[in-house]
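To keep things clear, I will list the structure first and then write my remarks on it.
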Number of protein chains: 2
Amino acid sequence: MENLLVRAARGERTERPPVWLMRQAGRHIPEYREIRDAYSFLEAIKTPEVAAEITLLPWEYYRPDGLVMFSDILTVLEPLGFDYRIESGVGPVVENPVSGPDDVDREPGDVAEEISYVGELLDRLDERVGDETALIGFAGGPFTLASYAVAGEPSRTHLPLRKLRARHPEAFRTLLAAFADVVREYLQFQIDHGADVVQLFDTYAATLSPADYREFLLPLHRRILADLDAPSIVFVRRMNGRLEQLEATGADVIGLDWTVEIGQARERLGDRPVQGNLDPSYLFGDPSFVRERTREVIEAAGPRGHILNLGHGVDKDTPVESVEAFVDTAKAFSWD
Amino acid sequence: MENLLVRAARGERTERPPVWLMRQAGRHIPEYREIRDAYSFLEAIKTPEVAAEITLLPWEYYRPDGLVMFSDILTVLEPLGFDYRIESGVGPVVENPVSGPDDVDREPGDVAEEISYVGELLDRLDERVGDETALIGFAGGPFTLASYAVAGEPSRTHLPLRKLRARHPEAFRTLLAAFADVVREYLQFQIDHGADVVQLFDTYAATLSPADYREFLLPLHRRILADLDAPSIVFVRRMNGRLEQLEATGADVIGLDWTVEIGQARERLGDRPVQGNLDPSYLFGDPSFVRERTREVIEAAGPRGHILNLGHGVDKDTPVESVEAFVDTAKAFSWD
């Protein structure tokens, strides 16, 4: 039988919801912090042996139904022609950001070559991870990547990119389209190396007005997600009022942040599988609170096509016992 | 005849939409920057003569239909027992933040005394501003204020406050309720000093899950907005999927950010007046682009109960000629 998470992603009724957490292989795990004493973040993601070890840490703690490769949504910037580093206290800083409206169509590099370390990581994990566990790949989406490429650093408002849209709409269109082609290639590359499911994180795309999303980004999301050889999940934050726009992307699974009621999302999305959506801050409550809230999400989502997750990544200070309570609630649940 | 903005706020059909901009009296105006060379932000808002001069600057440029007092959403923190300063590169820093779950019910001070400078500012403006221009007051809402009071500084995720909800829900409830009572008093105080309309900025409240908003915050928004002696506007960002929750606050006008289509919002909200909602980044396009996008908003909103505004505050680098194009488009429009 195919694994639980893939079955849910295909919309099947499952005996219980499969469960994983965005950013599960991260700073909330003590051994992660030890490994990071020896390797910088970029060293860790670019060294397949180290990245594999980190990817597997949550397995030791929680045995989730999916293991998400330890990587970065921004790795794909490099074949797109943008080098970046992580600056302490700032975040990702792009060394050679977009210099103007004429610099939006750089010659793309070779994904298989420039991100070969992700292929090696997935190959390695594919050997280690049993069939009952889904291997999850991912990439940043065009808007989110372009926000870094244009601003050159994290931007709370994404205004540098949004100004490009207002001043130079054709340059904005060209930039996003160039990014989309490479993102698509990168996700298929991950699938070719063993990813069972891939998630597109265009986290900030809801910063576009609905009309702009429809005009500029939706066709690209569709193009990226069409005809991948594995189920796909789309995740955009703050789209609580625009789930129909996410539905139109063609993703197999609609990722939900915690600002929408999953039961209501179900009503709006019909049979479309969903992923989510516990408020990550609830993991700071005691385990009984976590269990109760988690059961509410499971019950509101129903038995068909639901992947249990948080509504956003695990916070770095989250207690391990809360994540345990979250995963265990799913694993102990039964729809039968 | 009552002024245009108040009539729209009451849901009347108007000959054209009244127009103002959130943060219109701010850094995008050259004279503002000159005044701020001589006064810090807090000095400027606490000196009625200076604050009045700043409030009136947009009048010289644009003749909007509403003048919003130059002040800060956080001033009401002081009668709530929290002192704050503005730190360069950080933003508001609370000197004496909430120290723990037992520190959520400080004895409130006297609004009329501790924020007397706002009363004096409004008195002064009331004398200067003609009847055809609405004087607009405002305050931060309980969630937004509490985020600063608990985190002690700006928080992108509001996680310190959200952790309080998960760990100490009764302390969270008490804190918000204490804030709500003083906010209500403060808004009525503004009305007593001549504000024609007041806006409640609980900007970050959508960070609460829908269930938590309903349980903890909605009753307080209702309490704040009930029985004020002037029309009220509620503004919460990122509520595009939860307009019905804003409707339930009882505010006379529902403020819309730019992530919802105003025409769709109209369908969902029936006759309830709305304010908004041009994407502020559009003001970085050329004036013809601004005019075209602005007309689309006006036409989608329709002739009844619409106050034209941006979907968020004016960015500090916005060109004056774009704001002119925005205001002029409203003023030249005719529904007749």
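Here, A, B, ... name the chains of the structure tokens in the order displayed, residue numbers run from 1 inside each chain, and ligands are numbered from 1 in the same displayed order.
For chain B, the residues within 8 Å of chain A are Leu159, Arg162, Lys163, Ala166, Arg167, Ala206, Thr207, Leu208, Ser209, Pro210, Ala211, Arg238, Met239, Asn240, Gly241, Arg242, Trp258, Thr259, Val260, Glu261, Asp279, Ser281, Tyr282, Leu283, Phe284, Gly285, Asp286 and Phe289 of chain B, with only C-alpha atoms used to measure distance.
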Which neighbours of Ala325 in chain B fall inside 9 Å, counting only C-alpha atoms, when residues of the same chain fewer than 5 positions from it are skipped, and could you give them as a PDB file with C-alpha atoms, in the first residue's frame?
```
ATOM      1  CA  LEU B 283       1.480  55.054  -5.711  1.00  0.00           C
ATOM      2  CA  PRO B 287       0.127  59.334 -12.240  1.00  0.00           C
ATOM      3  CA  SER B 288      -1.885  57.812 -15.087  1.00  0.00           C
ATOM      4  CA  VAL B 290      -2.531  55.742 -10.175  1.00  0.00           C
ATOM      5  CA  ARG B 291      -5.603  57.384 -11.665  1.00  0.00           C
ATOM      6  CA  THR B 294      -8.012  54.448  -8.278  1.00  0.00           C
ATOM      7  CA  VAL B 320       3.663  63.704  -3.720  1.00  0.00           C
ATOM      8  CA  ALA B 330     -11.799  60.968  -6.147  1.00  0.00           C
TER       9      ALA B 330
END
```
According to DSSP computed on the backbone, where in range 23-187 of chain A is there helix (DSSP H, G or I)? Give the residues as a PDB file with N, CA and C atoms, in the first residue's frame.
```pdb
ATOM      1  N   PRO A  30      17.483  19.828  20.225  1.00  0.00           N
ATOM      2  CA  PRO A  30      18.806  20.089  20.828  1.00  0.00           C
ATOM      3  C   PRO A  30      19.977  19.633  19.954  1.00  0.00           C
ATOM      4  N   GLU A  31      19.882  18.462  19.353  1.00  0.00           N
ATOM      5  CA  GLU A  31      21.002  17.968  18.538  1.00  0.00           C
ATOM      6  C   GLU A  31      21.234  18.838  17.308  1.00  0.00           C
ATOM      7  N   TYR A  32      20.186  19.471  16.840  1.00  0.00           N
ATOM      8  CA  TYR A  32      20.362  20.390  15.711  1.00  0.00           C
ATOM      9  C   TYR A  32      21.288  21.528  16.119  1.00  0.00           C
ATOM     10  N   ARG A  33      21.044  22.058  17.284  1.00  0.00           N
ATOM     11  CA  ARG A  33      21.861  23.188  17.738  1.00  0.00           C
ATOM     12  C   ARG A  33      23.318  22.758  17.917  1.00  0.00           C
ATOM     13  N   GLU A  34      23.522  21.509  18.341  1.00  0.00           N
ATOM     14  CA  GLU A  34      24.906  21.003  18.459  1.00  0.00           C
ATOM     15  C   GLU A  34      25.578  20.917  17.081  1.00  0.00           C
ATOM     16  N   ILE A  35      24.865  20.370  16.113  1.00  0.00           N
ATOM     17  CA  ILE A  35      25.450  20.260  14.763  1.00  0.00           C
ATOM     18  C   ILE A  35      25.787  21.645  14.209  1.00  0.00           C
ATOM     19  N   ARG A  36      24.898  22.595  14.477  1.00  0.00           N
ATOM     20  CA  ARG A  36      25.098  23.951  13.949  1.00  0.00           C
ATOM     21  C   ARG A  36      26.254  24.692  14.633  1.00  0.00           C
ATOM     22  N   ASP A  37      26.709  24.149  15.787  1.00  0.00           N
ATOM     23  CA  ASP A  37      27.936  24.719  16.367  1.00  0.00           C
ATOM     24  C   ASP A  37      29.132  24.442  15.455  1.00  0.00           C
ATOM     25  N   ALA A  38      29.040  23.354  14.685  1.00  0.00           N
ATOM     26  CA  ALA A  38      30.174  22.960  13.836  1.00  0.00           C
ATOM     27  C   ALA A  38      30.025  23.426  12.380  1.00  0.00           C
ATOM     28  N   PHE A  41      24.731  27.505   8.577  1.00  0.00           N
ATOM     29  CA  PHE A  41      23.505  27.028   7.942  1.00  0.00           C
ATOM     30  C   PHE A  41      23.762  26.602   6.496  1.00  0.00           C
ATOM     31  N   LEU A  42      24.461  27.452   5.736  1.00  0.00           N
ATOM     32  CA  LEU A  42      24.683  27.101   4.329  1.00  0.00           C
ATOM     33  C   LEU A  42      25.634  25.914   4.191  1.00  0.00           C
ATOM     34  N   GLU A  43      26.623  25.800   5.065  1.00  0.00           N
ATOM     35  CA  GLU A  43      27.480  24.607   5.049  1.00  0.00           C
ATOM     36  C   GLU A  43      26.643  23.348   5.312  1.00  0.00           C
ATOM     37  N   ALA A  44      25.752  23.461   6.289  1.00  0.00           N
ATOM     38  CA  ALA A  44      24.941  22.289   6.651  1.00  0.00           C
ATOM     39  C   ALA A  44      24.047  21.855   5.486  1.00  0.00           C
ATOM     40  N   ILE A  45      23.394  22.813   4.811  1.00  0.00           N
ATOM     41  CA  ILE A  45      22.494  22.382   3.734  1.00  0.00           C
ATOM     42  C   ILE A  45      23.263  21.919   2.507  1.00  0.00           C
ATOM     43  N   LYS A  46      24.506  22.388   2.354  1.00  0.00           N
ATOM     44  CA  LYS A  46      25.280  22.009   1.158  1.00  0.00           C
ATOM     45  C   LYS A  46      26.147  20.773   1.361  1.00  0.00           C
ATOM     46  N   PRO A  48      25.667  17.003   2.004  1.00  0.00           N
ATOM     47  CA  PRO A  48      24.579  16.021   2.052  1.00  0.00           C
ATOM     48  C   PRO A  48      24.605  15.135   3.302  1.00  0.00           C
ATOM     49  N   GLU A  49      25.789  14.767   3.748  1.00  0.00           N
ATOM     50  CA  GLU A  49      25.874  13.914   4.930  1.00  0.00           C
ATOM     51  C   GLU A  49      25.292  14.617   6.160  1.00  0.00           C
ATOM     52  N   VAL A  50      25.636  15.885   6.308  1.00  0.00           N
ATOM     53  CA  VAL A  50      25.151  16.661   7.456  1.00  0.00           C
ATOM     54  C   VAL A  50      23.657  16.950   7.312  1.00  0.00           C
ATOM     55  N   ALA A  51      23.258  17.357   6.126  1.00  0.00           N
ATOM     56  CA  ALA A  51      21.844  17.667   5.904  1.00  0.00           C
ATOM     57  C   ALA A  51      20.977  16.428   6.119  1.00  0.00           C
ATOM     58  N   ALA A  52      21.509  15.255   5.734  1.00  0.00           N
ATOM     59  CA  ALA A  52      20.746  14.017   5.946  1.00  0.00           C
ATOM     60  C   ALA A  52      20.596  13.732   7.432  1.00  0.00           C
ATOM     61  N   GLU A  53      21.677  13.926   8.172  1.00  0.00           N
ATOM     62  CA  GLU A  53      21.620  13.696   9.618  1.00  0.00           C
ATOM     63  C   GLU A  53      20.565  14.607  10.261  1.00  0.00           C
ATOM     64  N   ILE A  54      20.558  15.873   9.843  1.00  0.00           N
ATOM     65  CA  ILE A  54      19.580  16.813  10.410  1.00  0.00           C
ATOM     66  C   ILE A  54      18.160  16.434   9.990  1.00  0.00           C
ATOM     67  N   THR A  55      17.983  16.079   8.727  1.00  0.00           N
ATOM     68  CA  THR A  55      16.650  15.688   8.245  1.00  0.00           C
ATOM     69  C   THR A  55      16.067  14.562   9.092  1.00  0.00           C
ATOM     70  N   LEU A  56      16.956  13.665   9.523  1.00  0.00           N
ATOM     71  CA  LEU A  56      16.491  12.481  10.249  1.00  0.00           C
ATOM     72  C   LEU A  56      16.280  12.722  11.741  1.00  0.00           C
ATOM     73  N   LEU A  57      16.736  13.854  12.272  1.00  0.00           N
ATOM     74  CA  LEU A  57      16.571  14.096  13.713  1.00  0.00           C
ATOM     75  C   LEU A  57      15.118  13.979  14.179  1.00  0.00           C
ATOM     76  N   PRO A  58      14.175  14.593  13.491  1.00  0.00           N
ATOM     77  CA  PRO A  58      12.785  14.481  13.965  1.00  0.00           C
ATOM     78  C   PRO A  58      12.298  13.031  13.974  1.00  0.00           C
ATOM     79  N   TRP A  59      12.892  12.214  13.103  1.00  0.00           N
ATOM     80  CA  TRP A  59      12.497  10.808  13.089  1.00  0.00           C
ATOM     81  C   TRP A  59      12.789  10.155  14.432  1.00  0.00           C
ATOM     82  N   GLU A  60      13.934  10.477  14.998  1.00  0.00           N
ATOM     83  CA  GLU A  60      14.306   9.905  16.295  1.00  0.00           C
ATOM     84  C   GLU A  60      13.351  10.345  17.402  1.00  0.00           C
ATOM     85  N   TYR A  61      12.877  11.571  17.287  1.00  0.00           N
ATOM     86  CA  TYR A  61      12.011  12.115  18.334  1.00  0.00           C
ATOM     87  C   TYR A  61      10.549  11.733  18.163  1.00  0.00           C
ATOM     88  N   TYR A  62      10.051  11.874  16.917  1.00  0.00           N
ATOM     89  CA  TYR A  62       8.598  11.886  16.742  1.00  0.00           C
ATOM     90  C   TYR A  62       8.041  10.836  15.788  1.00  0.00           C
ATOM     91  N   THR A  75      17.635  28.111  -2.023  1.00  0.00           N
ATOM     92  CA  THR A  75      18.756  27.495  -2.751  1.00  0.00           C
ATOM     93  C   THR A  75      18.640  27.715  -4.258  1.00  0.00           C
ATOM     94  N   VAL A  76      17.415  27.727  -4.750  1.00  0.00           N
ATOM     95  CA  VAL A  76      17.211  27.841  -6.198  1.00  0.00           C
ATOM     96  C   VAL A  76      17.590  29.232  -6.738  1.00  0.00           C
ATOM     97  N   LEU A  77      17.860  30.182  -5.845  1.00  0.00           N
ATOM     98  CA  LEU A  77      18.364  31.477  -6.324  1.00  0.00           C
ATOM     99  C   LEU A  77      19.684  31.326  -7.073  1.00  0.00           C
ATOM    100  N   VAL A 111      20.409  23.450 -12.992  1.00  0.00           N
ATOM    101  CA  VAL A 111      19.916  23.069 -11.665  1.00  0.00           C
ATOM    102  C   VAL A 111      20.654  21.839 -11.149  1.00  0.00           C
ATOM    103  N   ALA A 112      20.735  20.804 -11.993  1.00  0.00           N
ATOM    104  CA  ALA A 112      21.315  19.525 -11.548  1.00  0.00           C
ATOM    105  C   ALA A 112      22.764  19.713 -11.108  1.00  0.00           C
ATOM    106  N   GLU A 113      23.415  20.690 -11.716  1.00  0.00           N
ATOM    107  CA  GLU A 113      24.820  20.923 -11.384  1.00  0.00           C
ATOM    108  C   GLU A 113      24.950  21.857 -10.180  1.00  0.00           C
ATOM    109  N   GLU A 114      24.221  22.965 -10.222  1.00  0.00           N
ATOM    110  CA  GLU A 114      24.423  23.980  -9.187  1.00  0.00           C
ATOM    111  C   GLU A 114      23.757  23.615  -7.864  1.00  0.00           C
ATOM    112  N   SER A 116      23.412  20.321  -7.015  1.00  0.00           N
ATOM    113  CA  SER A 116      23.636  18.868  -6.980  1.00  0.00           C
ATOM    114  C   SER A 116      23.567  18.327  -5.554  1.00  0.00           C
ATOM    115  N   TYR A 117      23.930  19.174  -4.586  1.00  0.00           N
ATOM    116  CA  TYR A 117      23.919  18.709  -3.183  1.00  0.00           C
ATOM    117  C   TYR A 117      22.521  18.307  -2.722  1.00  0.00           C
ATOM    118  N   VAL A 118      21.497  18.903  -3.302  1.00  0.00           N
ATOM    119  CA  VAL A 118      20.128  18.511  -2.929  1.00  0.00           C
ATOM    120  C   VAL A 118      19.780  17.153  -3.548  1.00  0.00           C
ATOM    121  N   GLY A 119      20.244  16.934  -4.766  1.00  0.00           N
ATOM    122  CA  GLY A 119      20.058  15.614  -5.370  1.00  0.00           C
ATOM    123  C   GLY A 119      20.752  14.531  -4.542  1.00  0.00           C
ATOM    124  N   GLU A 120      21.973  14.812  -4.127  1.00  0.00           N
ATOM    125  CA  GLU A 120      22.705  13.830  -3.313  1.00  0.00           C
ATOM    126  C   GLU A 120      22.042  13.601  -1.958  1.00  0.00           C
ATOM    127  N   LEU A 121      21.533  14.684  -1.376  1.00  0.00           N
ATOM    128  CA  LEU A 121      20.823  14.556  -0.097  1.00  0.00           C
ATOM    129  C   LEU A 121      19.606  13.645  -0.250  1.00  0.00           C
ATOM    130  N   LEU A 122      18.829  13.891  -1.301  1.00  0.00           N
ATOM    131  CA  LEU A 122      17.613  13.098  -1.492  1.00  0.00           C
ATOM    132  C   LEU A 122      17.956  11.640  -1.806  1.00  0.00           C
ATOM    133  N   ASP A 123      18.988  11.422  -2.623  1.00  0.00           N
ATOM    134  CA  ASP A 123      19.421  10.046  -2.904  1.00  0.00           C
ATOM    135  C   ASP A 123      19.741   9.316  -1.593  1.00  0.00           C
ATOM    136  N   ARG A 124      20.477  10.003  -0.763  1.00  0.00           N
ATOM    137  CA  ARG A 124      20.909   9.446   0.514  1.00  0.00           C
ATOM    138  C   ARG A 124      19.705   9.141   1.419  1.00  0.00           C
ATOM    139  N   LEU A 125      18.782  10.097   1.479  1.00  0.00           N
ATOM    140  CA  LEU A 125      17.599   9.905   2.326  1.00  0.00           C
ATOM    141  C   LEU A 125      16.725   8.779   1.778  1.00  0.00           C
ATOM    142  N   ASP A 126      16.632   8.727   0.462  1.00  0.00           N
ATOM    143  CA  ASP A 126      15.788   7.724  -0.168  1.00  0.00           C
ATOM    144  C   ASP A 126      16.241   6.315   0.224  1.00  0.00           C
ATOM    145  N   GLU A 127      17.547   6.153   0.398  1.00  0.00           N
ATOM    146  CA  GLU A 127      18.070   4.850   0.842  1.00  0.00           C
ATOM    147  C   GLU A 127      17.744   4.560   2.299  1.00  0.00           C
ATOM    148  N   ARG A 128      17.712   5.633   3.095  1.00  0.00           N
ATOM    149  CA  ARG A 128      17.558   5.465   4.536  1.00  0.00           C
ATOM    150  C   ARG A 128      16.102   5.370   4.986  1.00  0.00           C
ATOM    151  N   PRO A 142       8.072  31.901  -7.053  1.00  0.00           N
ATOM    152  CA  PRO A 142       8.624  33.053  -7.775  1.00  0.00           C
ATOM    153  C   PRO A 142       8.514  34.386  -7.031  1.00  0.00           C
ATOM    154  N   PHE A 143       7.359  34.658  -6.427  1.00  0.00           N
ATOM    155  CA  PHE A 143       7.217  35.960  -5.770  1.00  0.00           C
ATOM    156  C   PHE A 143       8.160  36.062  -4.579  1.00  0.00           C
ATOM    157  N   THR A 144       8.223  35.001  -3.801  1.00  0.00           N
ATOM    158  CA  THR A 144       9.034  34.996  -2.581  1.00  0.00           C
ATOM    159  C   THR A 144      10.520  35.091  -2.925  1.00  0.00           C
ATOM    160  N   LEU A 145      10.959  34.317  -3.914  1.00  0.00           N
ATOM    161  CA  LEU A 145      12.343  34.397  -4.365  1.00  0.00           C
ATOM    162  C   LEU A 145      12.656  35.787  -4.913  1.00  0.00           C
ATOM    163  N   ALA A 146      11.729  36.310  -5.705  1.00  0.00           N
ATOM    164  CA  ALA A 146      11.969  37.614  -6.339  1.00  0.00           C
ATOM    165  C   ALA A 146      12.020  38.731  -5.304  1.00  0.00           C
ATOM    166  N   SER A 147      11.287  38.567  -4.210  1.00  0.00           N
ATOM    167  CA  SER A 147      11.353  39.591  -3.168  1.00  0.00           C
ATOM    168  C   SER A 147      12.783  39.718  -2.645  1.00  0.00           C
ATOM    169  N   TYR A 148      13.437  38.586  -2.404  1.00  0.00           N
ATOM    170  CA  TYR A 148      14.842  38.621  -1.962  1.00  0.00           C
ATOM    171  C   TYR A 148      15.750  39.134  -3.083  1.00  0.00           C
ATOM    172  N   ALA A 149      15.502  38.685  -4.305  1.00  0.00           N
ATOM    173  CA  ALA A 149      16.385  39.054  -5.411  1.00  0.00           C
ATOM    174  C   ALA A 149      16.328  40.555  -5.698  1.00  0.00           C
ATOM    175  N   VAL A 150      15.169  41.158  -5.470  1.00  0.00           N
ATOM    176  CA  VAL A 150      15.028  42.587  -5.754  1.00  0.00           C
ATOM    177  C   VAL A 150      15.426  43.432  -4.540  1.00  0.00           C
ATOM    178  N   ALA A 151      14.933  43.067  -3.349  1.00  0.00           N
ATOM    179  CA  ALA A 151      15.266  43.851  -2.149  1.00  0.00           C
ATOM    180  C   ALA A 151      16.713  43.608  -1.725  1.00  0.00           C
ATOM    181  N   LEU A 159       8.123  45.759  -0.448  1.00  0.00           N
ATOM    182  CA  LEU A 159       7.866  46.961  -1.230  1.00  0.00           C
ATOM    183  C   LEU A 159       8.820  47.121  -2.412  1.00  0.00           C
ATOM    184  N   PRO A 160      10.098  46.762  -2.283  1.00  0.00           N
ATOM    185  CA  PRO A 160      10.952  46.899  -3.481  1.00  0.00           C
ATOM    186  C   PRO A 160      10.395  46.125  -4.680  1.00  0.00           C
ATOM    187  N   LEU A 161       9.952  44.905  -4.453  1.00  0.00           N
ATOM    188  CA  LEU A 161       9.386  44.118  -5.548  1.00  0.00           C
ATOM    189  C   LEU A 161       8.047  44.691  -6.012  1.00  0.00           C
ATOM    190  N   ARG A 162       7.248  45.144  -5.066  1.00  0.00           N
ATOM    191  CA  ARG A 162       5.933  45.689  -5.428  1.00  0.00           C
ATOM    192  C   ARG A 162       6.081  47.009  -6.196  1.00  0.00           C
ATOM    193  N   LYS A 163       7.124  47.768  -5.882  1.00  0.00           N
ATOM    194  CA  LYS A 163       7.392  48.973  -6.674  1.00  0.00           C
ATOM    195  C   LYS A 163       7.728  48.607  -8.116  1.00  0.00           C
ATOM    196  N   LEU A 164       8.474  47.535  -8.302  1.00  0.00           N
ATOM    197  CA  LEU A 164       8.791  47.093  -9.662  1.00  0.00           C
ATOM    198  C   LEU A 164       7.506  46.801 -10.431  1.00  0.00           C
ATOM    199  N   ARG A 165       6.552  46.159  -9.752  1.00  0.00           N
ATOM    200  CA  ARG A 165       5.272  45.880 -10.401  1.00  0.00           C
ATOM    201  C   ARG A 165       4.566  47.172 -10.835  1.00  0.00           C
ATOM    202  N   ALA A 166       4.609  48.202  -9.969  1.00  0.00           N
ATOM    203  CA  ALA A 166       3.900  49.456 -10.277  1.00  0.00           C
ATOM    204  C   ALA A 166       4.622  50.253 -11.351  1.00  0.00           C
ATOM    205  N   ARG A 167       5.954  50.248 -11.315  1.00  0.00           N
ATOM    206  CA  ARG A 167       6.726  51.099 -12.229  1.00  0.00           C
ATOM    207  C   ARG A 167       7.067  50.416 -13.540  1.00  0.00           C
ATOM    208  N   PRO A 169       5.857  47.044 -14.994  1.00  0.00           N
ATOM    209  CA  PRO A 169       5.108  45.780 -14.943  1.00  0.00           C
ATOM    210  C   PRO A 169       5.677  44.703 -15.866  1.00  0.00           C
ATOM    211  N   GLU A 170       6.224  45.108 -17.020  1.00  0.00           N
ATOM    212  CA  GLU A 170       6.739  44.070 -17.919  1.00  0.00           C
ATOM    213  C   GLU A 170       8.023  43.451 -17.367  1.00  0.00           C
ATOM    214  N   ALA A 171       8.846  44.255 -16.718  1.00  0.00           N
ATOM    215  CA  ALA A 171      10.045  43.707 -16.080  1.00  0.00           C
ATOM    216  C   ALA A 171       9.652  42.766 -14.941  1.00  0.00           C
ATOM    217  N   PHE A 172       8.645  43.150 -14.182  1.00  0.00           N
ATOM    218  CA  PHE A 172       8.126  42.315 -13.095  1.00  0.00           C
ATOM    219  C   PHE A 172       7.652  40.974 -13.651  1.00  0.00           C
ATOM    220  N   ARG A 173       6.922  41.042 -14.758  1.00  0.00           N
ATOM    221  CA  ARG A 173       6.397  39.831 -15.373  1.00  0.00           C
ATOM    222  C   ARG A 173       7.546  38.926 -15.846  1.00  0.00           C
ATOM    223  N   THR A 174       8.523  39.512 -16.486  1.00  0.00           N
ATOM    224  CA  THR A 174       9.655  38.748 -17.021  1.00  0.00           C
ATOM    225  C   THR A 174      10.443  38.069 -15.894  1.00  0.00           C
ATOM    226  N   LEU A 175      10.677  38.822 -14.836  1.00  0.00           N
ATOM    227  CA  LEU A 175      11.434  38.287 -13.698  1.00  0.00           C
ATOM    228  C   LEU A 175      10.732  37.069 -13.102  1.00  0.00           C
ATOM    229  N   LEU A 176       9.441  37.214 -12.834  1.00  0.00           N
ATOM    230  CA  LEU A 176       8.702  36.112 -12.213  1.00  0.00           C
ATOM    231  C   LEU A 176       8.662  34.895 -13.138  1.00  0.00           C
ATOM    232  N   ALA A 177       8.500  35.138 -14.424  1.00  0.00           N
ATOM    233  CA  ALA A 177       8.403  34.013 -15.364  1.00  0.00           C
ATOM    234  C   ALA A 177       9.727  33.256 -15.447  1.00  0.00           C
ATOM    235  N   ALA A 178      10.834  34.002 -15.439  1.00  0.00           N
ATOM    236  CA  ALA A 178      12.143  33.342 -15.473  1.00  0.00           C
ATOM    237  C   ALA A 178      12.321  32.475 -14.229  1.00  0.00           C
ATOM    238  N   PHE A 179      11.890  32.995 -13.101  1.00  0.00           N
ATOM    239  CA  PHE A 179      12.012  32.239 -11.858  1.00  0.00           C
ATOM    240  C   PHE A 179      11.153  30.976 -11.898  1.00  0.00           C
ATOM    241  N   ALA A 180       9.951  31.114 -12.451  1.00  0.00           N
ATOM    242  CA  ALA A 180       9.014  29.990 -12.444  1.00  0.00           C
ATOM    243  C   ALA A 180       9.572  28.793 -13.208  1.00  0.00           C
ATOM    244  N   ASP A 181      10.209  29.068 -14.340  1.00  0.00           N
ATOM    245  CA  ASP A 181      10.721  27.957 -15.139  1.00  0.00           C
ATOM    246  C   ASP A 181      11.755  27.150 -14.362  1.00  0.00           C
ATOM    247  N   VAL A 182      12.630  27.845 -13.658  1.00  0.00           N
ATOM    248  CA  VAL A 182      13.684  27.156 -12.924  1.00  0.00           C
ATOM    249  C   VAL A 182      13.115  26.450 -11.686  1.00  0.00           C
ATOM    250  N   VAL A 183      12.151  27.061 -11.045  1.00  0.00           N
ATOM    251  CA  VAL A 183      11.527  26.425  -9.879  1.00  0.00           C
ATOM    252  C   VAL A 183      10.861  25.109 -10.293  1.00  0.00           C
ATOM    253  N   ARG A 184      10.187  25.141 -11.426  1.00  0.00           N
ATOM    254  CA  ARG A 184       9.545  23.918 -11.894  1.00  0.00           C
ATOM    255  C   ARG A 184      10.577  22.821 -12.130  1.00  0.00           C
ATOM    256  N   GLU A 185      11.649  23.189 -12.803  1.00  0.00           N
ATOM    257  CA  GLU A 185      12.705  22.226 -13.094  1.00  0.00           C
ATOM    258  C   GLU A 185      13.297  21.669 -11.792  1.00  0.00           C
ATOM    259  N   TYR A 186      13.450  22.534 -10.823  1.00  0.00           N
ATOM    260  CA  TYR A 186      14.048  22.146  -9.544  1.00  0.00           C
ATOM    261  C   TYR A 186      13.142  21.167  -8.784  1.00  0.00           C
ATOM    262  N   LEU A 187      11.837  21.415  -8.797  1.00  0.00           N
ATOM    263  CA  LEU A 187      10.923  20.493  -8.100  1.00  0.00           C
ATOM    264  C   LEU A 187      10.920  19.123  -8.784  1.00  0.00           C
TER     265      LEU A 187
END
```
Applying 12 Å and only C-alpha atoms, which residues near Ala8 in chain B remain after dropping the ones on its own chain fewer than 3 positions away? List them as a ChimeraX atom specification. /B:2-5,11-19,65-66,134,197,231-233,252-254,271-275,301-308
